[in-house]
$ cat work-v5.cif   # mmCIF, C-alpha atoms and all ligand atoms
data_start
loop_
_atom_site.label_atom_id
_atom_site.label_comp_id
_atom_site.auth_asym_id
_atom_site.auth_seq_id
_atom_site.Cartn_x
_atom_site.Cartn_y
_atom_site.Cartn_z
CA MET J 1 -16.88 19.34 -51.49
CA SER J 2 -16.26 23.03 -50.88
CA ALA J 3 -12.72 23.22 -52.29
CA GLY J 4 -13.12 26.98 -52.77
CA ASP J 5 -13.85 27.68 -49.09
CA THR J 6 -10.65 29.05 -47.58
CA THR J 7 -11.75 29.56 -43.96
CA PRO J 8 -9.63 27.27 -41.76
CA LYS J 9 -11.68 24.62 -40.02
CA GLY J 10 -11.53 22.27 -37.07
CA HIS J 11 -10.16 23.16 -33.64
CA VAL J 12 -9.11 20.05 -31.70
CA GLN J 13 -8.30 20.23 -28.00
CA ILE J 14 -7.22 17.33 -25.83
CA ARG J 15 -7.21 18.47 -22.24
CA ASP J 16 -5.54 16.54 -19.47
CA VAL J 17 -6.57 13.21 -20.99
CA SER J 18 -5.63 9.88 -19.43
CA VAL J 19 -6.65 6.52 -20.85
CA ARG J 20 -6.65 3.21 -19.02
CA PHE J 21 -7.56 -0.10 -20.60
CA GLY J 22 -8.60 -3.07 -18.51
CA VAL J 23 -7.87 -6.52 -19.94
CA LYS J 24 -8.49 -9.64 -17.86
CA GLY J 25 -8.19 -7.77 -14.58
CA GLN J 26 -4.97 -6.01 -15.63
CA THR J 27 -4.97 -2.27 -16.22
CA THR J 28 -2.79 -0.67 -18.89
CA GLU J 29 -2.34 3.06 -18.74
CA ALA J 30 -2.00 4.06 -22.39
CA ALA J 31 -1.85 7.84 -21.97
CA SER J 32 -1.32 10.00 -18.94
CA ARG J 33 -2.54 13.60 -18.56
CA VAL J 34 -2.02 14.52 -22.19
CA SER J 35 -2.92 17.99 -23.39
CA LEU J 36 -2.51 19.01 -27.00
CA GLU J 37 -4.10 21.27 -29.54
CA VAL J 38 -4.64 21.41 -33.29
CA LYS J 39 -5.69 24.94 -34.20
CA PRO J 40 -8.06 25.46 -37.15
CA GLY J 41 -6.19 24.75 -40.35
CA GLU J 42 -3.06 23.51 -38.57
CA PHE J 43 -1.06 20.40 -39.49
CA VAL J 44 0.13 18.70 -36.33
CA SER J 45 2.05 15.44 -35.96
CA ILE J 46 2.59 13.15 -33.00
CA ILE J 47 5.68 10.98 -32.78
CA GLY J 48 6.72 8.69 -29.98
CA PRO J 49 7.87 5.17 -29.23
CA SER J 50 5.75 2.16 -30.07
CA GLY J 51 2.91 1.62 -27.62
CA CYS J 52 3.02 5.13 -26.11
CA GLY J 53 -0.64 5.83 -26.85
CA LYS J 54 -0.54 7.73 -30.16
CA SER J 55 -3.33 5.72 -31.83
CA THR J 56 -5.30 5.85 -28.61
CA LEU J 57 -5.27 9.66 -28.70
CA LEU J 58 -6.27 9.69 -32.35
CA ASN J 59 -9.10 7.27 -31.61
CA ILE J 60 -10.34 9.60 -28.89
CA VAL J 61 -10.51 12.50 -31.33
CA ALA J 62 -12.20 10.19 -33.86
CA GLY J 63 -14.78 9.40 -31.17
CA PHE J 64 -14.06 5.65 -31.21
CA ILE J 65 -13.03 5.56 -27.54
CA ARG J 66 -13.66 7.78 -24.51
CA PRO J 67 -10.95 9.13 -22.22
CA SER J 68 -10.83 7.74 -18.67
CA ASP J 69 -10.10 11.27 -17.41
CA GLY J 70 -9.99 14.67 -19.06
CA GLU J 71 -11.81 15.77 -22.17
CA ALA J 72 -11.51 15.99 -25.94
CA LEU J 73 -13.18 18.89 -27.74
CA LEU J 74 -13.88 19.73 -31.36
CA ASP J 75 -14.66 23.39 -31.91
CA GLY J 76 -15.30 23.76 -28.20
CA ARG J 77 -17.79 20.88 -27.97
CA PRO J 78 -17.07 17.56 -26.25
CA ILE J 79 -16.46 14.71 -28.70
CA GLY J 80 -19.18 12.16 -28.02
CA GLY J 81 -18.68 9.73 -30.91
CA PRO J 82 -17.61 9.44 -34.55
CA GLY J 83 -18.90 12.02 -37.03
CA ALA J 84 -18.63 13.14 -40.64
CA ASP J 85 -16.78 16.25 -39.42
CA ARG J 86 -13.73 14.01 -38.93
CA GLY J 87 -12.15 11.91 -41.67
CA VAL J 88 -9.96 9.00 -40.61
CA VAL J 89 -7.19 7.32 -42.61
CA PHE J 90 -5.33 4.28 -41.29
CA GLN J 91 -2.19 2.52 -42.50
CA GLN J 92 -4.33 -0.30 -43.89
CA TYR J 93 -6.16 0.96 -46.92
CA SER J 94 -9.59 -0.27 -45.76
CA LEU J 95 -11.30 0.26 -49.11
CA PHE J 96 -14.36 -1.77 -50.06
CA PRO J 97 -12.90 -4.31 -52.53
CA TRP J 98 -16.21 -4.90 -54.30
CA MET J 99 -16.67 -1.21 -55.15
CA THR J 100 -14.93 0.79 -57.86
CA VAL J 101 -12.67 3.67 -56.88
CA ARG J 102 -15.43 6.21 -57.52
CA LYS J 103 -18.05 4.20 -55.60
CA ASN J 104 -15.62 3.94 -52.67
CA VAL J 105 -15.23 7.73 -52.66
CA GLU J 106 -18.98 8.25 -53.04
CA PHE J 107 -19.84 5.95 -50.13
CA GLY J 108 -19.80 8.57 -47.34
CA LEU J 109 -21.71 11.01 -49.53
CA LYS J 110 -24.39 8.38 -50.16
CA MET J 111 -24.68 7.91 -46.38
CA GLN J 112 -25.21 11.66 -46.12
CA GLY J 113 -28.10 11.39 -48.58
CA LEU J 114 -26.54 13.13 -51.58
CA GLY J 115 -28.07 12.33 -54.97
CA GLN J 116 -26.24 10.28 -57.58
CA ASN J 117 -25.18 13.22 -59.76
CA GLN J 118 -23.90 15.30 -56.84
CA ARG J 119 -21.99 12.30 -55.48
CA ALA J 120 -20.37 11.54 -58.79
CA SER J 121 -19.39 15.14 -59.38
CA ALA J 122 -17.85 15.60 -55.88
CA ALA J 123 -15.99 12.28 -56.16
CA ARG J 124 -14.66 13.09 -59.63
CA SER J 125 -13.46 16.51 -58.53
CA LEU J 126 -11.46 15.04 -55.63
CA LEU J 127 -10.13 12.17 -57.73
CA GLY J 128 -8.95 14.79 -60.24
CA MET J 129 -7.01 16.63 -57.52
CA THR J 130 -5.04 13.47 -56.78
CA GLY J 131 -4.49 12.33 -60.36
CA LEU J 132 -6.84 9.36 -60.03
CA LEU J 133 -9.67 10.33 -62.33
CA SER J 134 -8.65 7.92 -65.07
CA PHE J 135 -8.88 5.10 -62.51
CA GLU J 136 -12.39 5.91 -61.28
CA ASN J 137 -13.80 2.64 -62.65
CA HIS J 138 -10.97 0.43 -61.38
CA TYR J 139 -11.34 -1.83 -58.37
CA PRO J 140 -8.96 -1.52 -55.37
CA ASP J 141 -7.05 -4.72 -56.21
CA GLN J 142 -6.18 -3.20 -59.59
CA LEU J 143 -4.29 -0.33 -57.90
CA SER J 144 -0.82 0.07 -56.39
CA GLY J 145 -0.41 0.67 -52.64
CA GLY J 146 0.15 4.39 -53.16
CA MET J 147 -2.94 4.68 -55.34
CA LYS J 148 -5.05 2.78 -52.80
CA GLN J 149 -3.94 5.15 -50.07
CA ARG J 150 -4.71 8.14 -52.29
CA VAL J 151 -8.23 6.74 -52.72
CA GLY J 152 -8.43 6.27 -48.92
CA ILE J 153 -7.50 9.91 -48.39
CA VAL J 154 -9.91 11.11 -51.05
CA ARG J 155 -12.67 8.99 -49.51
CA ALA J 156 -12.01 10.50 -46.08
CA LEU J 157 -12.04 14.00 -47.60
CA ALA J 158 -15.22 13.49 -49.62
CA THR J 159 -17.61 14.34 -46.80
CA SER J 160 -15.84 17.70 -46.24
CA PRO J 161 -14.48 16.93 -42.77
CA GLN J 162 -13.07 19.74 -40.66
CA VAL J 163 -10.35 17.50 -39.35
CA MET J 164 -8.32 14.69 -40.91
CA LEU J 165 -7.03 12.06 -38.49
CA MET J 166 -4.23 10.04 -40.05
CA ASP J 167 -2.63 7.07 -38.32
CA GLU J 168 0.64 6.24 -40.09
CA PRO J 169 -1.08 6.52 -43.47
CA PHE J 170 2.14 6.12 -45.47
CA GLY J 171 3.76 3.49 -43.24
CA ALA J 172 3.27 0.69 -45.77
CA LEU J 173 4.59 2.60 -48.77
CA ASP J 174 8.06 2.59 -50.31
CA SER J 175 10.09 5.76 -49.78
CA GLN J 176 9.57 7.17 -53.31
CA THR J 177 5.81 6.73 -53.18
CA ARG J 178 5.80 8.07 -49.67
CA ALA J 179 7.56 11.28 -50.74
CA VAL J 180 5.03 11.81 -53.53
CA MET J 181 2.14 11.15 -51.14
CA GLN J 182 3.53 13.70 -48.68
CA GLU J 183 3.52 16.35 -51.41
CA ILE J 184 0.00 15.41 -52.51
CA LEU J 185 -1.21 15.59 -48.92
CA THR J 186 0.35 19.01 -48.23
CA ASN J 187 -1.12 20.35 -51.47
CA MET J 188 -4.59 19.09 -50.57
CA TRP J 189 -4.26 20.35 -47.02
CA GLN J 190 -3.35 23.82 -48.28
CA GLN J 191 -6.20 23.89 -50.78
CA LEU J 192 -8.85 22.59 -48.38
CA GLN J 193 -7.69 24.50 -45.27
CA LEU J 194 -8.53 21.76 -42.81
CA SER J 195 -6.84 20.63 -39.63
CA VAL J 196 -4.75 17.48 -39.64
CA LEU J 197 -3.63 15.30 -36.74
CA PHE J 198 -1.01 12.95 -38.15
CA ILE J 199 0.75 10.04 -36.49
CA THR J 200 4.04 8.80 -37.81
CA HIS J 201 7.21 7.03 -36.75
CA ASP J 202 9.14 8.92 -39.40
CA ILE J 203 10.84 12.03 -38.00
CA GLU J 204 11.60 13.56 -41.43
CA GLU J 205 7.98 13.03 -42.48
CA ALA J 206 6.70 14.76 -39.32
CA ILE J 207 8.97 17.77 -39.90
CA PHE J 208 8.26 18.00 -43.62
CA LEU J 209 4.49 18.00 -43.15
CA SER J 210 3.81 19.82 -39.90
CA GLU J 211 3.48 23.22 -38.28
CA LYS J 212 4.08 21.58 -34.93
CA VAL J 213 5.28 18.17 -33.72
CA TYR J 214 4.39 16.67 -30.34
CA VAL J 215 6.88 14.14 -28.99
CA MET J 216 5.48 11.60 -26.56
CA THR J 217 7.22 9.71 -23.80
CA ALA J 218 7.25 5.94 -23.48
CA ARG J 219 4.02 4.43 -22.11
CA PRO J 220 2.08 5.72 -20.30
CA GLY J 221 2.44 8.40 -22.95
CA ARG J 222 2.80 12.00 -21.85
CA ILE J 223 3.77 14.99 -23.94
CA LYS J 224 7.53 15.24 -23.68
CA ALA J 225 8.01 18.20 -26.04
CA GLU J 226 6.11 20.46 -28.41
CA ILE J 227 8.36 21.45 -31.30
CA PRO J 228 7.27 24.24 -33.68
CA ILE J 229 8.43 23.76 -37.28
CA PRO J 230 9.41 27.17 -38.65
CA LEU J 231 9.85 26.09 -42.29
CA PRO J 232 8.03 28.21 -44.90
CA ARG J 233 5.23 26.95 -47.14
CA PRO J 234 5.01 25.48 -49.63
CA ARG J 235 7.43 22.82 -48.45
CA THR J 236 9.69 21.40 -51.12
CA PRO J 237 11.88 18.27 -51.13
CA GLU J 238 14.97 20.54 -51.33
CA MET J 239 14.17 21.93 -47.87
CA THR J 240 15.04 18.59 -46.31
CA ALA J 241 18.73 19.42 -46.92
CA SER J 242 18.52 22.84 -45.20
CA PRO J 243 20.37 23.46 -41.91
CA THR J 244 17.05 24.25 -40.16
CA PHE J 245 15.53 20.93 -41.26
CA GLN J 246 18.62 18.97 -40.30
CA ALA J 247 18.81 20.64 -36.88
CA LEU J 248 15.17 19.68 -36.26
CA VAL J 249 15.92 16.08 -37.27
CA ARG J 250 18.78 15.92 -34.76
CA GLN J 251 16.67 17.46 -32.00
CA LEU J 252 13.75 15.07 -32.55
CA LYS J 253 15.99 12.02 -32.95
CA ALA J 254 17.61 12.73 -29.59
CA LEU J 255 14.21 13.10 -27.89
CA ILE J 256 12.84 9.93 -29.48
CA ARG J 257 15.91 7.85 -28.81
CA GLU J 258 15.66 8.50 -25.07
CA GLU J 259 12.05 7.37 -25.06
CA SER J 260 12.52 4.39 -27.36
CA LEU J 261 15.26 3.08 -25.10
CA ALA J 262 12.97 3.61 -22.11
CA ALA J 263 10.15 1.78 -23.91
CA MET J 264 12.33 -1.17 -24.94
CA GLY J 265 14.09 -1.21 -21.59
CA GLY J 266 10.73 -1.66 -19.93
CA GLU J 267 9.94 -4.62 -22.12
CA LEU J 268 13.31 -6.30 -22.46
CA GLY J 269 15.19 -5.52 -19.28
CA SER J 270 18.65 -3.97 -19.31
CA GLY J 271 20.43 -7.22 -20.17
CA GLY J 272 18.50 -7.49 -23.43
CA LEU J 273 19.24 -3.90 -24.31
CA GLN J 274 22.96 -4.27 -23.72
CA GLY J 275 22.97 -7.23 -26.01
CA MET J 276 21.14 -5.34 -28.74
CA ASP J 277 23.37 -2.28 -28.40
CA HIS J 278 26.40 -4.55 -28.80
CA HIS J 279 24.88 -6.30 -31.78
CA PHE J 280 23.48 -3.32 -33.71
CA GLY J 281 25.51 -0.36 -32.44
CA ARG J 282 23.93 2.94 -31.49
CA ASP J 283 22.49 3.68 -34.95
CA GLY J 284 21.06 0.20 -35.19
CA MET J 285 19.12 0.83 -32.02
CA LYS J 286 17.58 3.89 -33.67
CA ALA J 287 16.55 1.84 -36.66
CA LEU J 288 14.59 -0.43 -34.38
CA THR J 289 12.34 2.35 -33.06
N1 LIG J 301 -8.45 -1.59 -26.98
C1 LIG J 301 -7.41 -1.80 -26.19
N2 LIG J 301 -7.50 -2.64 -25.14
C2 LIG J 301 -6.46 -2.84 -24.32
N3 LIG J 301 -5.26 -2.24 -24.45
C3 LIG J 301 -5.11 -1.39 -25.48
C4 LIG J 301 -6.17 -1.12 -26.40
N4 LIG J 301 -5.73 -0.23 -27.32
C5 LIG J 301 -4.45 0.04 -27.00
N5 LIG J 301 -4.07 -0.64 -25.89
C6 LIG J 301 -2.76 -0.57 -25.24
O1 LIG J 301 -2.49 0.79 -24.98
C7 LIG J 301 -1.11 1.08 -25.24
C8 LIG J 301 -1.03 2.18 -26.30
O2 LIG J 301 -1.45 1.64 -27.55
P1 LIG J 301 -1.48 2.54 -28.87
O3 LIG J 301 -1.92 1.67 -30.00
O4 LIG J 301 -2.26 3.77 -28.62
O5 LIG J 301 0.06 2.93 -29.03
P2 LIG J 301 0.84 3.57 -30.26
O6 LIG J 301 1.72 4.63 -29.70
O7 LIG J 301 -0.11 3.98 -31.32
O8 LIG J 301 1.71 2.33 -30.74
P3 LIG J 301 2.39 1.99 -32.19
O9 LIG J 301 3.32 3.12 -32.47
O10 LIG J 301 3.10 0.71 -31.95
O11 LIG J 301 1.27 1.89 -33.18
C9 LIG J 301 -0.48 -0.23 -25.66
O12 LIG J 301 0.13 -0.80 -24.53
C10 LIG J 301 -1.64 -1.08 -26.13
O13 LIG J 301 -1.40 -2.43 -25.90
#

$ encode --input "work-v5.cif" --output "structure tokens" --more "lines below"
Ligand SMILES: Nc1ncnc2c1ncn2[C@@H]1O[C@H](COP(=O)(O)OP(=O)(O)OP(=O)(O)O)[C@@H](O)[C@H]1O
Amino acid sequence: MSAGDTTPKGHVQIRDVSVRFGVKGQTTEAASRVSLEVKPGEFVSIIGPSGCGKSTLLNIVAGFIRPSDGEALLDGRPIGGPGADRGVVFQQYSLFPWMTVRKNVEFGLKMQGLGQNQRASAARSLLGMTGLLSFENHYPDQLSGGMKQRVGIVRALATSPQVMLMDEPFGALDSQTRAVMQEILTNMWQQLQLSVLFITHDIEEAIFLSEKVYVMTARPGRIKAEIPIPLPRPRTPEMTASPTFQALVRQLKALIREESLAAMGGELGSGGLQGMDHHFGRDGMKALT
């Protein structure tokens, strides 16, 4: 792990990408003519209503699926499949339960052919950065949710990826743990100078973490807005009370609400929506997004 290397890495470009899935003769258009960019060393989030194609875009960059139209590039080269240059973290912790924390972190390095001593030293250094060194010999089921996700992040970082792809990584955590994880992630991101593409449903989280937030429309997902986040670094929890932060929250909430209503309207029909609006009120509708 080259923690001392401060050259920003990983330029992701999604250019005019559309994705269609065919299931039992029925075609679903998950994303439509999406273009977005993560510059080297940038932290970029995508938010949008459920089912708008966020995970699909992340999976394209991960190399798990191919676009139907358009192209996805990493450092100017077409993405043809998964690779060690991209680390992926999902909401589910997906650790190997039969391996200790350190062995989990070492796994990718072993695949890359690193010797035992090098693996152990790289894993221990990363575990130290996240306060997990004293748990290196624990098994995943002996850890809390937040600790498991820290191990998941460390494992994805162990192979020195240029890009981290994170699909709602903190979605299953309580709000306190989530706040701590956000700070740990921003610290690691700043130290390692890599690019991050981050998916979340949490508007405050997207603002707190990112240089730029893309807002997607309801399915088929298109880019509705690209919002730069002009908050200084390092970000601190106190910033969330600042007028700039709060104005961004209002702006993004308004954009998302329009799309969430469109998404639910498509599924429920207007009669269902009226009923829900009556039952929950306007704020309740937001909570359902
Ligand atoms: N492998 C697949 N086969 C068929 N349809 C799929 C597949 N993957 C995704 N879809 C469909 O594509 C659309 C977009 O899904 P995707 O998971 O990308 O949305 P999302 O924005 O990440 O949703 P959420 O916020 O709920 O996680 C959905 O309608 C989904 O059902």

$ atom_distance --input "work-v5.cif" --atom1 "atom CA of Ala30 of chain J" --atom2 "atom CA of Glu168 of chain J"
18.0 Å

$ atom_distance --input "work-v5.cif" --atom1 "atom CA of Gly113 of chain J" --atom2 "atom CA of Leu126 of chain J"
18.4 Å

$ residues_near_ligand --input "work-v5.cif" --ligand "ligand LIG 301 (chain J)" --cutoff "6 Å" --atoms "only C-alpha atoms and all ligand atoms" --output "ChimeraX atom specification"
/J:21,23,30,49-56

$ atom_distance --input "work-v5.cif" --atom1 "atom CA of Ser121 of chain J" --atom2 "atom CA of Gln142 of chain J"
22.6 Å

$ closest_atom_pairs --input "work-v5.cif" --of "segment 106-139 of chain J" --to "segment 84-95 of chain J" --cutoff "10 Å" --atoms "all atoms listed in the file" --output "Markdown table"
| residue | atom | partner | partner_atom | distance |
| --- | --- | --- | --- | --- |
| J:Gly108 | CA | J:Ala84 | CA | 8.2 |
| J:Leu109 | CA | J:Ala84 | CA | 9.6 |
| J:Met111 | CA | J:Ala84 | CA | 9.8 |
| J:Gln112 | CA | J:Ala84 | CA | 8.7 |
| J:Tyr139 | CA | J:Leu95 | CA | 9.5 |

$ build_atoms --input "work-v5.cif" --residues "segment 245-262 of chain J" --atoms "N, CA and C atoms" --output "PDB file, in the coordinates of the input"
ATOM      1  N   PHE J 245      16.163  22.256 -41.234  1.00  0.00           N
ATOM      2  CA  PHE J 245      15.530  20.930 -41.260  1.00  0.00           C
ATOM      3  C   PHE J 245      16.426  19.916 -40.547  1.00  0.00           C
ATOM      4  N   GLN J 246      17.714  19.958 -40.877  1.00  0.00           N
ATOM      5  CA  GLN J 246      18.620  18.970 -40.300  1.00  0.00           C
ATOM      6  C   GLN J 246      18.775  19.146 -38.785  1.00  0.00           C
ATOM      7  N   ALA J 247      18.732  20.402 -38.327  1.00  0.00           N
ATOM      8  CA  ALA J 247      18.810  20.640 -36.880  1.00  0.00           C
ATOM      9  C   ALA J 247      17.568  20.079 -36.182  1.00  0.00           C
ATOM     10  N   LEU J 248      16.410  20.235 -36.831  1.00  0.00           N
ATOM     11  CA  LEU J 248      15.170  19.680 -36.260  1.00  0.00           C
ATOM     12  C   LEU J 248      15.238  18.151 -36.198  1.00  0.00           C
ATOM     13  N   VAL J 249      15.781  17.549 -37.254  1.00  0.00           N
ATOM     14  CA  VAL J 249      15.920  16.080 -37.270  1.00  0.00           C
ATOM     15  C   VAL J 249      16.763  15.630 -36.086  1.00  0.00           C
ATOM     16  N   ARG J 250      17.899  16.322 -35.872  1.00  0.00           N
ATOM     17  CA  ARG J 250      18.780  15.920 -34.760  1.00  0.00           C
ATOM     18  C   ARG J 250      18.083  16.076 -33.418  1.00  0.00           C
ATOM     19  N   GLN J 251      17.364  17.196 -33.262  1.00  0.00           N
ATOM     20  CA  GLN J 251      16.670  17.460 -32.000  1.00  0.00           C
ATOM     21  C   GLN J 251      15.614  16.372 -31.726  1.00  0.00           C
ATOM     22  N   LEU J 252      14.823  16.060 -32.740  1.00  0.00           N
ATOM     23  CA  LEU J 252      13.750  15.070 -32.550  1.00  0.00           C
ATOM     24  C   LEU J 252      14.321  13.672 -32.366  1.00  0.00           C
ATOM     25  N   LYS J 253      15.379  13.354 -33.094  1.00  0.00           N
ATOM     26  CA  LYS J 253      15.990  12.020 -32.950  1.00  0.00           C
ATOM     27  C   LYS J 253      16.473  11.814 -31.525  1.00  0.00           C
ATOM     28  N   ALA J 254      17.090  12.860 -30.956  1.00  0.00           N
ATOM     29  CA  ALA J 254      17.610  12.730 -29.590  1.00  0.00           C
ATOM     30  C   ALA J 254      16.452  12.505 -28.608  1.00  0.00           C
ATOM     31  N   LEU J 255      15.365  13.243 -28.796  1.00  0.00           N
ATOM     32  CA  LEU J 255      14.210  13.100 -27.890  1.00  0.00           C
ATOM     33  C   LEU J 255      13.598  11.703 -28.004  1.00  0.00           C
ATOM     34  N   ILE J 256      13.468  11.237 -29.241  1.00  0.00           N
ATOM     35  CA  ILE J 256      12.840   9.930 -29.480  1.00  0.00           C
ATOM     36  C   ILE J 256      13.717   8.787 -29.000  1.00  0.00           C
ATOM     37  N   ARG J 257      15.003   8.940 -29.208  1.00  0.00           N
ATOM     38  CA  ARG J 257      15.910   7.850 -28.810  1.00  0.00           C
ATOM     39  C   ARG J 257      15.814   7.583 -27.313  1.00  0.00           C
ATOM     40  N   GLU J 258      15.794   8.661 -26.533  1.00  0.00           N
ATOM     41  CA  GLU J 258      15.660   8.500 -25.070  1.00  0.00           C
ATOM     42  C   GLU J 258      14.424   7.683 -24.729  1.00  0.00           C
ATOM     43  N   GLU J 259      13.322   8.023 -25.399  1.00  0.00           N
ATOM     44  CA  GLU J 259      12.050   7.370 -25.060  1.00  0.00           C
ATOM     45  C   GLU J 259      11.971   5.958 -25.603  1.00  0.00           C
ATOM     46  N   SER J 260      12.555   5.743 -26.789  1.00  0.00           N
ATOM     47  CA  SER J 260      12.520   4.390 -27.360  1.00  0.00           C
ATOM     48  C   SER J 260      13.329   3.436 -26.502  1.00  0.00           C
ATOM     49  N   LEU J 261      14.459   3.920 -25.994  1.00  0.00           N
ATOM     50  CA  LEU J 261      15.260   3.080 -25.100  1.00  0.00           C
ATOM     51  C   LEU J 261      14.474   2.791 -23.830  1.00  0.00           C
ATOM     52  N   ALA J 262      13.779   3.814 -23.321  1.00  0.00           N
ATOM     53  CA  ALA J 262      12.970   3.610 -22.110  1.00  0.00           C
ATOM     54  C   ALA J 262      11.877   2.586 -22.391  1.00  0.00           C
TER      55      ALA J 262
END
